[in-house]
Amino acid sequence: MCRDGDARNGQGQSPWPSFLNRPASAYAMRIYISADIEGVAGVVAPLQGQPGNPEYERARRLMTEEVNAAIEGIFAAGATAVLVNDAHGPMLNLLPELLDPRAELILGKPKPVNMFSGLTADDAGVVCVGHHAGAGRPGVLSQTINGFCFRAIRLNNRDCAEATLYGAYAGALGVPVILLSGDDVVAEELGPLFPGAEHVVVKRALGHRAAQAVSPAIARERLRRGAEAAVRRIPQIPPFRIGGPYRLELDLNNPALADLAATIPVAERLSPVTVAFAAETMAAVIGWVNTVSVMSAFLR
Ligand SMILES: [Zn+2]
């Protein structure tokens, strides 16, 4: 289930056990981190995001250390709590034993709102670590939500990367995205959507599976400094909003995937490869994207 992304967070609605549901309002300032892996310095290949090989084991450590660097900067700027959400693939990538113990960590899936699970209207800002460009863009490992499933995602005629969709979800809660890290294409593509946010570039895309990167140590230093600056600047960073009502158009990678998505009774078939959904809230938009994404496993 998804909570209503356009309403202020209600009390007592969470299906989670109470010990996992300490509200962000219990802290003076909580920052939320959504951690992906494609945009981490040193990551360039799909293999590095897929469990079951030594390259993945190295990549998840690099990912955890970049998140740690952001956490350090966030606390240095005066925040009092950090909630980290593992937002890549199996959502079981970050190494809890290596993560800065000051942060709490959401691992696993399925979970409500997926890449921004646990974000509430009381959080002060969102930090996106290791993010990447949207499907069809020139960035490293560019894709949107599910590379097997989606060729493009549009919301109210706007071409959306993951950070666009989820940034708008956060914006509907009134929470600004304050930092995005990844390659140079992320900064170029998403920079204009998040004016005032920090854009930390850790590598330059040379193709979909090649990049020139700074060393992990330099990447972490940039993240630490960027996160500290971003938290200090929160009052000047506006939330990103795409006003509703929403029309979501999904371009699937082949007609069979669109046939499958079109079996959802409220889906509208626009072309052999495109289906559309109407939605009142950003939570519902995210819900439809993830519903179709999960269904696509049937055709793998
Ligand atoms: Zn990912």
# chains A, B, ... in the order shown; residues from 1 in each chain; ligands from 1
>>> select_by_dssp(residues="stretch 34-261 of chain A", states="alpha helix (DSSP H)", output="ChimeraX atom specification")
/A:54-76,162-172,184-190,216-232,255-261
>>> closest_atom_pairs(of="chain A", to="ligand 1", cutoff="9 Å", atoms="only C-alpha atoms and all ligand atoms", output="Markdown table")
| residue | atom | partner | partner_atom_place_in_ligand_line | distance |
| --- | --- | --- | --- | --- |
| A:Ala35 | CA | ligand 1 | 1 (Zn) | 8.3 |
| A:Asp36 | CA | ligand 1 | 1 (Zn) | 4.7 |
| A:Ile37 | CA | ligand 1 | 1 (Zn) | 5.2 |
| A:Glu38 | CA | ligand 1 | 1 (Zn) | 5.4 |
| A:Gly39 | CA | ligand 1 | 1 (Zn) | 8.1 |
| A:Gly49 | CA | ligand 1 | 1 (Zn) | 7.1 |
| A:Ala87 | CA | ligand 1 | 1 (Zn) | 6.6 |
| A:His88 | CA | ligand 1 | 1 (Zn) | 3.9 |
| A:Gly89 | CA | ligand 1 | 1 (Zn) | 5.7 |
| A:Met91 | CA | ligand 1 | 1 (Zn) | 8.8 |
| A:Gly130 | CA | ligand 1 | 1 (Zn) | 8.0 |
| A:His131 | CA | ligand 1 | 1 (Zn) | 7.1 |
| A:His132 | CA | ligand 1 | 1 (Zn) | 7.7 |
| A:Leu141 | CA | ligand 1 | 1 (Zn) | 8.6 |
| A:Gln143 | CA | ligand 1 | 1 (Zn) | 8.5 |
| A:Thr144 | CA | ligand 1 | 1 (Zn) | 8.8 |
| A:Ile145 | CA | ligand 1 | 1 (Zn) | 7.6 |
| A:Asn146 | CA | ligand 1 | 1 (Zn) | 8.7 |
>>> residues_around(residues="A:Leu179", least_positions_apart="6", cutoff="10 Å", atoms="only C-alpha atoms", output="PyMOL selection string")
chain A and resi 33+70+125-129+191+194+196-200+223+226-231
>>> residues_around(residues="stretch 67-69 of chain A", least_positions_apart="6", cutoff="7 Å", atoms="only C-alpha atoms", output="MDAnalysis selection string")
chainID A and resid 99:100 129 220:221 223:224
>>> write_last_selection(atoms="all heavy atoms", output="short mmCIF file (atom, residue, chain, number, x, y, z; two decimals), in the first residue's frame")
data_model
loop_
_atom_site.label_atom_id
_atom_site.label_comp_id
_atom_site.auth_asym_id
_atom_site.auth_seq_id
_atom_site.Cartn_x
_atom_site.Cartn_y
_atom_site.Cartn_z
N LEU A 99 27.63 0.62 7.81
CA LEU A 99 26.93 1.91 7.76
C LEU A 99 27.15 2.69 9.06
O LEU A 99 27.16 2.11 10.15
CB LEU A 99 25.44 1.68 7.54
CG LEU A 99 24.65 2.92 7.12
CD1 LEU A 99 24.96 3.30 5.67
CD2 LEU A 99 23.15 2.70 7.27
N ASP A 100 27.33 3.99 8.90
CA ASP A 100 27.45 4.89 10.06
C ASP A 100 26.34 4.57 11.07
O ASP A 100 25.15 4.63 10.73
CB ASP A 100 27.32 6.34 9.55
CG ASP A 100 27.63 7.36 10.64
OD1 ASP A 100 27.20 7.16 11.80
OD2 ASP A 100 28.30 8.35 10.32
N VAL A 129 21.81 9.56 -3.26
CA VAL A 129 23.19 9.14 -3.49
C VAL A 129 23.21 8.04 -4.56
O VAL A 129 22.39 7.13 -4.52
CB VAL A 129 23.83 8.62 -2.18
CG1 VAL A 129 25.23 8.06 -2.44
CG2 VAL A 129 23.88 9.71 -1.13
N ARG A 220 33.89 10.57 -2.02
CA ARG A 220 33.33 10.67 -0.65
C ARG A 220 33.53 12.08 -0.09
O ARG A 220 32.66 12.61 0.60
CB ARG A 220 33.99 9.62 0.25
CG ARG A 220 33.58 8.22 -0.13
CD ARG A 220 34.44 7.18 0.54
NE ARG A 220 34.34 5.92 -0.19
CZ ARG A 220 35.20 4.91 -0.06
NH1 ARG A 220 36.22 5.00 0.78
NH2 ARG A 220 35.04 3.81 -0.77
N GLU A 221 34.68 12.66 -0.36
CA GLU A 221 34.93 14.01 0.13
C GLU A 221 33.94 14.99 -0.49
O GLU A 221 33.40 15.88 0.19
CB GLU A 221 36.38 14.41 -0.17
CG GLU A 221 36.76 15.81 0.30
CD GLU A 221 36.59 16.03 1.81
OE1 GLU A 221 36.44 15.04 2.56
OE2 GLU A 221 36.59 17.20 2.22
N LEU A 223 30.97 14.24 -1.55
CA LEU A 223 29.66 13.97 -0.95
C LEU A 223 29.56 14.56 0.44
O LEU A 223 28.52 15.12 0.82
CB LEU A 223 29.40 12.46 -0.91
CG LEU A 223 28.77 11.93 -2.19
CD1 LEU A 223 29.00 10.44 -2.35
CD2 LEU A 223 27.27 12.22 -2.19
N ARG A 224 30.61 14.42 1.22
CA ARG A 224 30.59 14.95 2.58
C ARG A 224 30.37 16.47 2.56
O ARG A 224 29.49 17.00 3.22
CB ARG A 224 31.89 14.61 3.31
CG ARG A 224 31.86 14.94 4.79
CD ARG A 224 33.23 14.84 5.42
NE ARG A 224 34.16 15.83 4.89
CZ ARG A 224 34.13 17.13 5.16
NH1 ARG A 224 33.19 17.62 5.95
NH2 ARG A 224 35.02 17.95 4.64
#
>>> atom_distance(atom1="atom CA of A:Met295", atom2="atom CA of A:Ala261")
7.6 Å
>>> closest_residue(among="A:Val294, A:Leu250, A:Ala28, A:Leu62", to="A:Leu155", atoms="only C-alpha atoms")
A:Leu250
>>> select_by_dssp(residues="stretch 133-201 of chain A", states="strand (DSSP E)", output="VMD selection string")
chain A and resid 150 to 155 158 to 159 177 to 183 198 to 201
>>> residues_around(residues="A:Leu107", least_positions_apart="3", cutoff="8 Å", atoms="only C-alpha atoms", output="number ranges by chain")
A: 85-86, 91-94
>>> residues_around(residues="A:Val275", least_positions_apart="3", cutoff="10 Å", atoms="only C-alpha atoms", output="list in words")
Leu248, Glu249, Leu250, Asp251, Leu252, Leu257, Ala258, Asp259, Leu260, Ala261, Ala262, Ile264, Ala267, Glu268, Arg269, Leu270, Ser271 and Pro272 of chain A
>>> write_last_selection(atoms="C-alpha atoms", output="mmCIF file, in the first residue's frame")
data_model
loop_
_atom_site.group_PDB
_atom_site.id
_atom_site.type_symbol
_atom_site.label_atom_id
_atom_site.label_comp_id
_atom_site.auth_asym_id
_atom_site.auth_seq_id
_atom_site.Cartn_x
_atom_site.Cartn_y
_atom_site.Cartn_z
ATOM 1 C CA LEU A 248 1.095 8.734 -16.422
ATOM 2 C CA GLU A 249 2.246 7.298 -19.754
ATOM 3 C CA LEU A 250 4.445 4.229 -19.799
ATOM 4 C CA ASP A 251 6.384 3.251 -22.945
ATOM 5 C CA LEU A 252 7.121 -0.440 -22.571
ATOM 6 C CA LEU A 257 4.855 -5.990 -21.910
ATOM 7 C CA ALA A 258 2.194 -3.488 -22.981
ATOM 8 C CA ASP A 259 -0.326 -6.350 -23.405
ATOM 9 C CA LEU A 260 0.423 -7.328 -19.825
ATOM 10 C CA ALA A 261 0.111 -3.781 -18.441
ATOM 11 C CA ALA A 262 -3.127 -3.329 -20.373
ATOM 12 C CA ILE A 264 -4.964 -3.747 -15.465
ATOM 13 C CA ALA A 267 -5.095 1.079 -17.891
ATOM 14 C CA GLU A 268 -5.642 2.845 -21.202
ATOM 15 C CA ARG A 269 -3.861 1.409 -24.252
ATOM 16 C CA LEU A 270 -2.470 4.240 -26.361
ATOM 17 C CA SER A 271 -0.310 2.315 -28.837
ATOM 18 C CA PRO A 272 1.226 -1.157 -29.263
#
